[in-house]
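A.B. asks: Next comes start-v8.txt, compact mmCIF, C-alpha atoms:
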# COMPACT_ATOMS: atom_id res chain seq x y z
CA MET A 1 129.88 82.95 109.01
CA PRO A 2 127.90 85.95 110.32
CA PRO A 3 129.70 89.27 110.81
CA SER A 4 131.50 88.30 113.98
CA SER A 5 133.51 89.38 116.96
CA THR A 6 136.04 91.30 114.91
CA ALA A 7 133.19 93.49 113.63
CA THR A 8 131.70 94.14 117.04
CA SER A 9 132.84 97.33 118.71
CA PRO A 10 133.71 97.02 122.41
CA SER A 11 132.29 100.47 123.01
CA HIS A 12 129.15 101.23 121.05
CA PRO A 13 127.60 104.67 121.75
CA TYR A 14 124.40 103.11 123.08
CA GLU A 15 126.35 101.33 125.82
CA ALA A 16 126.51 104.72 127.56
CA LEU A 17 122.72 105.02 127.51
CA THR A 18 122.06 103.55 130.95
CA PRO A 19 118.72 103.77 132.79
CA ASP A 20 120.14 106.59 134.91
CA VAL A 21 121.05 108.55 131.78
CA VAL A 22 117.54 108.03 130.40
CA MET A 23 115.90 109.26 133.60
CA ASP A 24 118.28 112.22 133.87
CA ALA A 25 117.54 113.14 130.24
CA LEU A 26 113.84 113.32 131.03
CA ALA A 27 114.51 115.34 134.15
CA SER A 28 116.44 117.82 132.00
CA VAL A 29 113.17 118.69 130.22
CA GLY A 30 111.10 118.79 133.39
CA LEU A 31 109.73 115.23 133.40
CA TYR A 32 110.41 113.12 136.48
CA GLY A 33 110.06 109.37 136.38
CA ASP A 34 108.84 107.24 139.27
CA GLY A 35 111.51 104.62 138.58
CA ARG A 36 109.55 102.42 136.17
CA LEU A 37 111.25 102.18 132.80
CA MET A 38 110.62 99.61 130.06
CA ALA A 39 112.56 99.23 126.82
CA LEU A 40 110.22 98.99 123.82
CA SER A 41 110.85 96.99 120.67
CA SER A 42 113.18 99.12 118.57
CA TYR A 43 116.54 98.35 117.02
CA GLU A 44 117.35 101.44 114.98
CA ASN A 45 116.88 103.77 117.95
CA ARG A 46 116.47 103.17 121.67
CA VAL A 47 112.90 103.70 122.84
CA TYR A 48 111.61 103.53 126.42
CA GLN A 49 108.24 103.79 128.10
CA ILE A 50 108.65 105.75 131.31
CA HIS A 51 106.08 106.23 134.06
CA LEU A 52 106.13 109.69 135.63
CA GLU A 53 105.56 110.81 139.20
CA ASP A 54 102.21 112.36 138.25
CA GLY A 55 100.87 108.95 137.17
CA SER A 56 101.11 109.51 133.41
CA ALA A 57 103.48 107.76 131.03
CA VAL A 58 105.60 108.94 128.11
CA VAL A 59 107.78 107.35 125.44
CA ALA A 60 111.32 108.65 125.03
CA LYS A 61 113.19 108.00 121.78
CA PHE A 62 116.97 108.34 121.70
CA TYR A 63 118.05 108.69 118.09
CA ARG A 64 120.85 106.56 116.71
CA PRO A 65 123.94 108.80 116.58
CA GLY A 66 124.92 109.72 113.03
CA ARG A 67 121.84 108.39 111.27
CA TRP A 68 119.80 111.55 110.70
CA SER A 69 120.92 115.16 110.84
CA GLU A 70 119.21 117.58 113.20
CA ALA A 71 117.47 119.17 110.21
CA GLN A 72 116.13 115.78 109.07
CA ILE A 73 114.81 114.92 112.53
CA LEU A 74 113.15 118.30 112.90
CA GLU A 75 111.56 117.88 109.49
CA GLU A 76 110.05 114.58 110.68
CA HIS A 77 108.73 116.38 113.78
CA ALA A 78 107.26 119.18 111.66
CA PHE A 79 105.50 116.61 109.45
CA ALA A 80 104.02 114.92 112.52
CA ALA A 81 102.83 118.32 113.79
CA GLU A 82 101.13 119.03 110.45
CA LEU A 83 99.35 115.69 110.59
CA MET A 84 98.19 116.19 114.17
CA ALA A 85 96.99 119.70 113.32
CA ALA A 86 94.84 118.09 110.62
CA GLU A 87 93.30 115.87 113.36
CA ILE A 88 94.96 112.72 112.03
CA PRO A 89 95.76 110.22 114.83
CA VAL A 90 99.54 110.36 114.57
CA VAL A 91 101.54 110.17 117.79
CA GLY A 92 104.16 112.89 117.49
CA PRO A 93 106.69 114.40 119.88
CA LEU A 94 105.71 116.72 122.70
CA VAL A 95 106.81 120.34 122.72
CA LEU A 96 108.86 120.77 125.90
CA ALA A 97 110.70 124.02 126.63
CA ASP A 98 109.60 125.24 123.18
CA ARG A 99 111.36 122.35 121.43
CA THR A 100 110.60 118.84 120.22
CA LEU A 101 114.24 117.73 119.90
CA HIS A 102 116.51 117.74 122.93
CA ALA A 103 120.10 116.83 123.72
CA PHE A 104 121.57 115.10 126.77
CA ALA A 105 124.85 113.28 127.37
CA GLY A 106 125.67 113.21 123.67
CA PHE A 107 122.25 111.86 122.59
CA ALA A 108 119.45 113.55 120.68
CA PHE A 109 116.05 112.56 122.03
CA SER A 110 112.36 113.35 121.85
CA VAL A 111 109.43 112.57 124.13
CA SER A 112 105.96 111.49 122.99
CA PRO A 113 102.75 110.59 124.77
CA SER A 114 102.36 106.90 125.55
CA ARG A 115 99.56 105.28 123.55
CA GLY A 116 98.31 101.74 124.04
CA GLY A 117 96.83 99.50 121.41
CA ARG A 118 97.32 96.30 119.47
CA ALA A 119 98.10 95.42 115.90
CA PRO A 120 95.09 95.93 113.61
CA GLU A 121 93.06 92.96 112.35
CA LEU A 122 93.98 93.12 108.69
CA ASP A 123 91.49 90.44 107.67
CA ASP A 124 88.64 92.72 108.79
CA PHE A 125 87.33 94.80 105.86
CA GLU A 126 86.07 97.61 108.12
CA VAL A 127 89.48 97.92 109.80
CA LEU A 128 91.21 98.08 106.40
CA GLU A 129 88.75 100.71 105.18
CA TRP A 130 89.29 102.79 108.32
CA ILE A 131 93.10 102.62 107.92
CA GLY A 132 92.74 103.49 104.24
CA ARG A 133 90.81 106.65 105.06
CA PHE A 134 93.50 107.86 107.44
CA LEU A 135 96.31 106.98 105.01
CA ALA A 136 94.56 109.12 102.40
CA ARG A 137 94.42 112.00 104.85
CA ILE A 138 98.10 111.53 105.71
CA HIS A 139 98.93 111.66 102.02
CA THR A 140 96.81 114.74 101.43
CA VAL A 141 98.93 116.55 104.01
CA GLY A 142 102.07 114.90 102.63
CA ALA A 143 101.35 116.15 99.12
CA ALA A 144 100.96 119.76 100.25
CA ARG A 145 104.71 120.42 100.19
CA PRO A 146 107.92 118.43 99.69
CA PHE A 147 110.54 117.38 102.16
CA VAL A 148 113.62 119.57 101.97
CA HIS A 149 116.09 117.54 104.03
CA ARG A 150 114.78 113.98 104.16
CA PRO A 151 115.65 111.66 101.24
CA ALA A 152 113.46 109.87 98.73
CA LEU A 153 112.81 106.15 98.53
CA ASP A 154 114.50 105.24 95.27
CA LEU A 155 116.41 102.52 93.44
CA GLN A 156 119.81 104.05 94.15
CA SER A 157 119.58 104.53 97.91
CA PHE A 158 117.64 101.37 98.78
CA GLY A 159 118.86 98.99 96.10
CA THR A 160 122.08 99.81 94.28
CA ALA A 161 123.84 101.44 97.24
CA SER A 162 122.85 98.54 99.52
CA ARG A 163 124.17 95.93 97.08
CA ASP A 164 127.41 97.82 96.47
CA TRP A 165 128.05 98.35 100.18
CA LEU A 166 127.56 94.68 101.03
CA LEU A 167 129.97 93.62 98.28
CA ALA A 168 132.56 96.30 99.05
CA HIS A 169 132.64 95.31 102.73
CA ASP A 170 132.80 91.55 102.10
CA LYS A 171 129.63 90.81 104.05
CA ILE A 172 128.57 87.90 101.85
CA PRO A 173 130.37 84.52 102.17
CA LEU A 174 132.40 83.65 99.07
CA ASP A 175 130.50 80.41 98.45
CA VAL A 176 127.29 82.33 97.77
CA GLN A 177 128.54 85.80 96.83
CA GLY A 178 128.45 85.26 93.08
CA THR A 179 124.93 83.82 92.98
CA TRP A 180 123.60 86.51 95.32
CA GLN A 181 125.23 89.29 93.28
CA ALA A 182 123.80 87.91 90.03
CA ALA A 183 120.28 87.55 91.49
CA CYS A 184 120.45 91.00 93.09
CA THR A 185 121.64 92.65 89.87
CA ASP A 186 118.90 90.92 87.84
CA ALA A 187 116.30 92.15 90.34
CA LEU A 188 117.63 95.72 90.27
CA ASP A 189 117.69 95.72 86.48
CA LEU A 190 114.01 94.77 86.47
CA ILE A 191 113.22 97.56 88.93
CA ALA A 192 115.14 100.05 86.79
CA ALA A 193 112.91 99.13 83.88
CA SER A 194 109.77 99.66 85.98
CA ALA A 195 107.89 102.79 86.89
CA MET A 196 110.21 103.34 89.88
CA GLU A 197 112.61 105.27 87.67
CA THR A 198 110.08 107.17 85.59
CA ARG A 199 109.65 109.99 88.07
CA ALA A 200 112.77 111.60 86.63
CA THR A 201 112.25 110.67 82.98
CA GLY A 202 108.52 111.10 82.79
CA SER A 203 108.33 108.16 80.39
CA PHE A 204 105.76 106.02 82.23
CA ASP A 205 102.48 106.48 80.34
CA THR A 206 103.77 109.99 79.52
CA GLU A 207 102.77 111.17 83.03
CA PRO A 208 105.31 110.86 85.86
CA LEU A 209 104.23 109.33 89.15
CA GLN A 210 103.89 111.70 92.08
CA PHE A 211 106.32 111.47 94.99
CA ILE A 212 104.87 112.79 98.25
CA ARG A 213 105.82 112.85 101.92
CA LEU A 214 105.04 109.46 103.44
CA HIS A 215 104.97 107.64 106.74
CA GLY A 216 107.54 105.45 104.99
CA ASP A 217 107.41 102.37 107.25
CA CYS A 218 103.69 101.70 107.57
CA HIS A 219 103.70 98.06 108.65
CA PRO A 220 101.13 96.65 111.13
CA GLY A 221 103.52 97.14 114.07
CA ASN A 222 103.45 100.90 113.52
CA ILE A 223 99.64 101.09 113.72
CA LEU A 224 98.16 100.84 117.21
CA TRP A 225 94.50 99.86 117.14
CA THR A 226 92.18 100.70 120.02
CA PRO A 227 88.53 99.59 120.37
CA THR A 228 86.27 101.74 118.26
CA GLU A 229 83.61 101.95 120.95
CA ARG A 230 85.97 104.07 123.03
CA PRO A 231 86.38 107.82 122.41
CA GLY A 232 89.23 108.30 119.97
CA GLY A 233 89.23 104.60 119.09
CA GLY A 234 90.59 103.21 115.87
CA PRO A 235 94.13 103.40 114.44
CA HIS A 236 96.97 105.49 115.83
CA PHE A 237 100.03 105.82 113.60
CA VAL A 238 103.40 105.82 115.35
CA ASP A 239 107.09 106.02 114.47
CA LEU A 240 107.68 108.44 111.59
CA ASP A 241 111.43 107.81 111.89
CA ASP A 242 111.55 106.46 108.33
CA ALA A 243 109.46 109.24 106.79
CA ARG A 244 110.62 109.81 103.21
CA SER A 245 109.35 110.96 99.86
CA GLY A 246 107.95 108.25 97.63
CA PRO A 247 104.89 106.91 95.84
CA ALA A 248 101.70 106.63 97.89
CA VAL A 249 101.59 102.85 97.50
CA GLN A 250 104.65 102.56 99.77
CA ASP A 251 102.35 103.19 102.75
CA LEU A 252 99.89 100.51 101.62
CA TRP A 253 101.81 97.47 100.41
CA MET A 254 103.31 96.49 103.78
CA LEU A 255 99.76 95.97 105.08
CA LEU A 256 99.20 93.20 102.51
CA SER A 257 99.97 89.55 103.21
CA GLY A 258 98.99 86.05 102.14
CA ASP A 259 98.35 84.72 98.66
CA ARG A 260 97.30 86.83 95.70
CA ARG A 261 93.60 86.46 96.48
CA GLN A 262 94.11 87.58 100.09
CA ARG A 263 96.31 90.51 99.09
CA THR A 264 93.77 91.62 96.49
CA ALA A 265 90.98 91.56 99.08
CA GLN A 266 93.08 93.50 101.60
CA LEU A 267 94.08 96.07 99.00
CA SER A 268 90.45 96.46 97.99
CA GLY A 269 89.52 97.29 101.59
CA LEU A 270 92.34 99.81 101.94
CA LEU A 271 91.52 101.55 98.66
CA ASP A 272 87.78 101.63 99.39
CA GLY A 273 88.61 103.76 102.41
CA TYR A 274 91.47 105.65 100.75
CA GLU A 275 89.45 106.84 97.77
CA GLN A 276 86.77 108.32 99.98
CA PHE A 277 89.28 111.11 100.67
CA ARG A 278 91.91 111.04 97.93
CA ALA A 279 92.36 109.72 94.41
CA PHE A 280 94.80 106.82 94.04
CA ASP A 281 96.89 106.40 90.91
CA ARG A 282 96.30 102.77 89.90
CA ARG A 283 99.61 102.73 87.99
CA GLU A 284 101.34 102.57 91.37
CA LEU A 285 100.07 99.02 91.87
CA ALA A 286 102.87 97.95 89.52
CA LEU A 287 105.36 99.21 92.13
CA ILE A 288 104.34 96.84 94.92
CA GLU A 289 106.74 94.03 94.06
CA PRO A 290 109.63 96.37 93.11
CA LEU A 291 109.21 98.12 96.47
CA ARG A 292 109.10 94.77 98.27
CA THR A 293 112.33 93.76 96.50
CA LEU A 294 114.09 96.98 97.44
CA ARG A 295 113.11 96.49 101.06
CA LEU A 296 114.49 92.93 100.98
CA ILE A 297 117.89 94.11 99.72
CA HIS A 298 117.98 97.15 101.99
CA TYR A 299 117.11 95.03 105.03
CA SER A 300 120.18 92.81 104.59
CA ALA A 301 122.41 95.86 104.24
CA TRP A 302 120.79 97.45 107.30
CA LEU A 303 121.56 94.41 109.44
CA ALA A 304 125.16 94.30 108.23
CA ARG A 305 125.68 98.04 108.80
CA ARG A 306 124.35 97.76 112.36
CA TRP A 307 126.30 94.66 113.40
CA ALA A 308 128.63 96.64 115.67
CA ASP A 309 125.62 97.47 117.84
CA PRO A 310 125.57 94.64 120.47
CA ILE A 311 121.79 94.35 120.30
CA PHE A 312 121.95 93.10 116.70
CA PRO A 313 123.98 89.89 117.18
CA ILE A 314 121.76 89.08 120.17
CA ASN A 315 118.48 89.50 118.30
CA PHE A 316 119.53 88.37 114.82
CA PRO A 317 121.87 85.41 115.46
CA TRP A 318 120.86 83.80 112.16
CA PHE A 319 122.10 86.71 110.08
CA GLY A 320 125.13 86.48 107.80
CA SER A 321 125.64 82.73 107.48
CA SER A 322 125.84 80.99 104.10
CA ASP A 323 122.38 79.57 104.77
CA TYR A 324 121.03 83.06 105.35
CA TRP A 325 122.41 84.33 102.05
CA LYS A 326 121.23 81.25 100.16
CA GLY A 327 117.78 82.01 101.51
CA GLN A 328 118.15 85.58 100.23
CA VAL A 329 119.03 84.25 96.77
CA ASP A 330 115.87 82.15 96.80
CA MET A 331 113.77 85.13 97.85
CA LEU A 332 115.32 87.33 95.15
CA HIS A 333 114.46 84.70 92.53
CA GLU A 334 110.90 84.64 93.86
CA GLN A 335 110.75 88.43 93.64
CA ILE A 336 112.07 88.40 90.08
CA GLU A 337 109.19 86.10 89.16
CA ALA A 338 106.71 88.24 91.11
CA MET A 339 107.86 91.42 89.36
CA GLN A 340 107.15 89.80 85.99
CA GLU A 341 103.59 88.85 86.93
CA PRO A 342 100.66 91.21 86.30
CA PRO A 343 100.18 93.64 89.19
CA LEU A 344 97.25 93.34 91.58
CA VAL A 345 93.99 94.67 90.17
CA VAL A 346 91.22 96.11 92.35
What would you get if you wrote out this structure as structure tokens?
C.D. replies:
Amino acid sequence: MPPSSTATSPSHPYEALTPDVVMDALASVGLYGDGRLMALSSYENRVYQIHLEDGSAVVAKFYRPGRWSEAQILEEHAFAAELMAAEIPVVGPLVLADRTLHAFAGFAFSVSPSRGGRAPELDDFEVLEWIGRFLARIHTVGAARPFVHRPALDLQSFGTASRDWLLAHDKIPLDVQGTWQAACTDALDLIAASAMETRATGSFDTEPLQFIRLHGDCHPGNILWTPTERPGGGPHFVDLDDARSGPAVQDLWMLLSGDRRQRTAQLSGLLDGYEQFRAFDRRELALIEPLRTLRLIHYSAWLARRWADPIFPINFPWFGSSDYWKGQVDMLHEQIEAMQEPPLVV
């Protein structure tokens, strides 16, 4: 059965985040809403679009208590500021009262401009090339200095720790626990043998892969596309909440979908744009399937860790059943096969 009523807290911190609290938080930084407030799609944090009395609109993000430290959030904000200073279309937080991070009623929050747009057409070569150019520029800024407080995307934090937490907290039904654990361990062993772990050892082709500051969660939903015939049209990158250090390919692979031929064509478009501004280490193409596998394992652990938040059982009612975990076993077996295939070549 899914993590159930015994795991659901009767008083989750976000239950105190009422519309009145949201509007009062904005008023505390000198922004006054006209009463229109809309919750945006976000599960990790709470994010609202709010229309102001002056006719403009902003987006307020209330950070999940206990997830990031103040130093880690401010480092994300500083990264966004660097990117915007380089004229890269990243939507970062506004500076209000000389700060980007604010506190109200026990919540940390930030306020950003509201930007419209739709998901990019990832079967359009010109769109892919355009996104690739901006990703290269993001990575050029990201490579200029390291993160100090934010973590790296690695095997331990995304894979091993996720597996161990799920097993230690009995989140997997007994009838499938053994097969899931075996498949997960086989997948992690393959990743450990890949280039993911050579950054520390330097043993991959004698030259270690470079870890740089990344967007970290660059899927199509975090790119807002506006018509290119308009001033400032094209992609706008949003939500740096998962910014981490990692290989550059992490910001590319989530934009790939379909069969191998389709993914190769999409990757070709992205890299055609990318390499106009920055060299790309082709060895990183071997990390695409290991990174996909880590995200698969981490996603299950993320859902289980967040189950006490009432919004999760409502939006993910299928999570946690034996059928869910059997499906995860099947996907892990597919990923094990994919990690043993030759990487994409462009």
A.B. asks: Here is a test: counting all atoms listed in the file, which residue of A:Gln266, A:Ser41, A:Ser112, A:Thr185 is nearest to Leu128 of chain A?
C.D. replies: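 Under the stated criterion, the closest residue is A:Gln266.
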A.B. asks: Would you work out the distance separating atom CA of Arg46 of chain A from atom CA of Val59 of chain A, expressed in Å to one decimal?
C.D. replies: 10.4 Å
A.B. asks: To one decimal in Å, tell me the separation between atom CA of Leu17 of chain A and atom CA of Trp165 of chain A.
C.D. replies: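 Separation between atom CA of Leu17 of chain A and atom CA of Trp165 of chain A: 28.6 Å.
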A.B. asks: Find, counting all atoms listed in the file, the residue in A:Ala27, A:Ala243, A:Val329, A:Ile131 that gets nearest to Ala187 of chain A.
C.D. replies: A:Val329
A.B. asks: Each residue of segment 55-148 of chain A with at least one atom at most 8 Å from segment 208-217 of chain A should appear once, together with its nearest atom pair and the corresponding distance in Å (one decimal); atoms considered: only C-alpha atoms; ordering: chain, then increasing residue number; output as JSON lines.
C.D. replies:
{"residue": "A:Ile138", "atom": "CA", "partner": "A:Leu214", "partner_atom": "CA", "distance": 7.6}
{"residue": "A:His139", "atom": "CA", "partner": "A:Leu214", "partner_atom": "CA", "distance": 6.6}
{"residue": "A:Gly142", "atom": "CA", "partner": "A:Arg213", "partner_atom": "CA", "distance": 4.3}
{"residue": "A:Ala143", "atom": "CA", "partner": "A:Ile212", "partner_atom": "CA", "distance": 4.9}
{"residue": "A:Arg145", "atom": "CA", "partner": "A:Arg213", "partner_atom": "CA", "distance": 7.8}
{"residue": "A:Pro146", "atom": "CA", "partner": "A:Arg213", "partner_atom": "CA", "distance": 6.4}
{"residue": "A:Phe147", "atom": "CA", "partner": "A:Arg213", "partner_atom": "CA", "distance": 6.5}
A.B. asks: Taking (130.2, 83.0, 102.1) in the coordinates of the supplied file, I want to know which residues reach to within 12 Å of it, counting all atoms listed in the file; could you give the answer as a short mmCIF file (atom, residue, chain, number, x, y, z; two decimals) with C-alpha atoms, in the frame of the given file?
C.D. replies:
data_model
loop_
_atom_site.label_atom_id
_atom_site.label_comp_id
_atom_site.auth_asym_id
_atom_site.auth_seq_id
_atom_site.Cartn_x
_atom_site.Cartn_y
_atom_site.Cartn_z
CA MET A 1 129.88 82.95 109.01
CA PRO A 2 127.90 85.95 110.32
CA PRO A 3 129.70 89.27 110.81
CA LEU A 167 129.97 93.62 98.28
CA ASP A 170 132.80 91.55 102.10
CA LYS A 171 129.63 90.81 104.05
CA ILE A 172 128.57 87.90 101.85
CA PRO A 173 130.37 84.52 102.17
CA LEU A 174 132.40 83.65 99.07
CA ASP A 175 130.50 80.41 98.45
CA VAL A 176 127.29 82.33 97.77
CA GLN A 177 128.54 85.80 96.83
CA GLY A 178 128.45 85.26 93.08
CA THR A 179 124.93 83.82 92.98
CA TRP A 180 123.60 86.51 95.32
CA GLN A 181 125.23 89.29 93.28
CA PHE A 319 122.10 86.71 110.08
CA GLY A 320 125.13 86.48 107.80
CA SER A 321 125.64 82.73 107.48
CA SER A 322 125.84 80.99 104.10
CA ASP A 323 122.38 79.57 104.77
CA TYR A 324 121.03 83.06 105.35
CA TRP A 325 122.41 84.33 102.05
CA LYS A 326 121.23 81.25 100.16
#
A.B. asks: Restricting the calculation to all atoms listed in the file, which member of A:Met38, A:Met339, A:Ala161, A:Leu31 is positioned closest to Ser56 of chain A?
C.D. replies: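 Of the candidates, the smallest distance to Ser56 of chain A is held by A:Leu31.
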A.B. asks: Please, which residues are within 10 Å of (97.0, 92.0, 101.1) by the file's coordinates, counting all atoms listed in the file, and could they come as a list in words?
C.D. replies: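 Here the neighbourhood of the point contains Leu122, Asp123, Leu128, Leu252, Trp253, Met254, Leu255, Leu256, Ser257, Gly258, Asp259, Arg260, Arg261, Gln262, Arg263, Thr264, Ala265, Gln266, Leu267, Ser268, Gly269, Leu270 and Leu344 of chain A.
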A.B. asks: Calculate how many Å separate atom CA of Glu126 of chain A from atom CA of Leu224 of chain A, rounding to one decimal.
C.D. replies: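 Interatomic distance here is 15.5 Å.
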A.B. asks: Looking at only C-alpha atoms, which of A:Asp154, A:Asp251, A:Glu70, A:Asp164 is the one that sits closest to Ala103 of chain A?
C.D. replies: A:Glu70
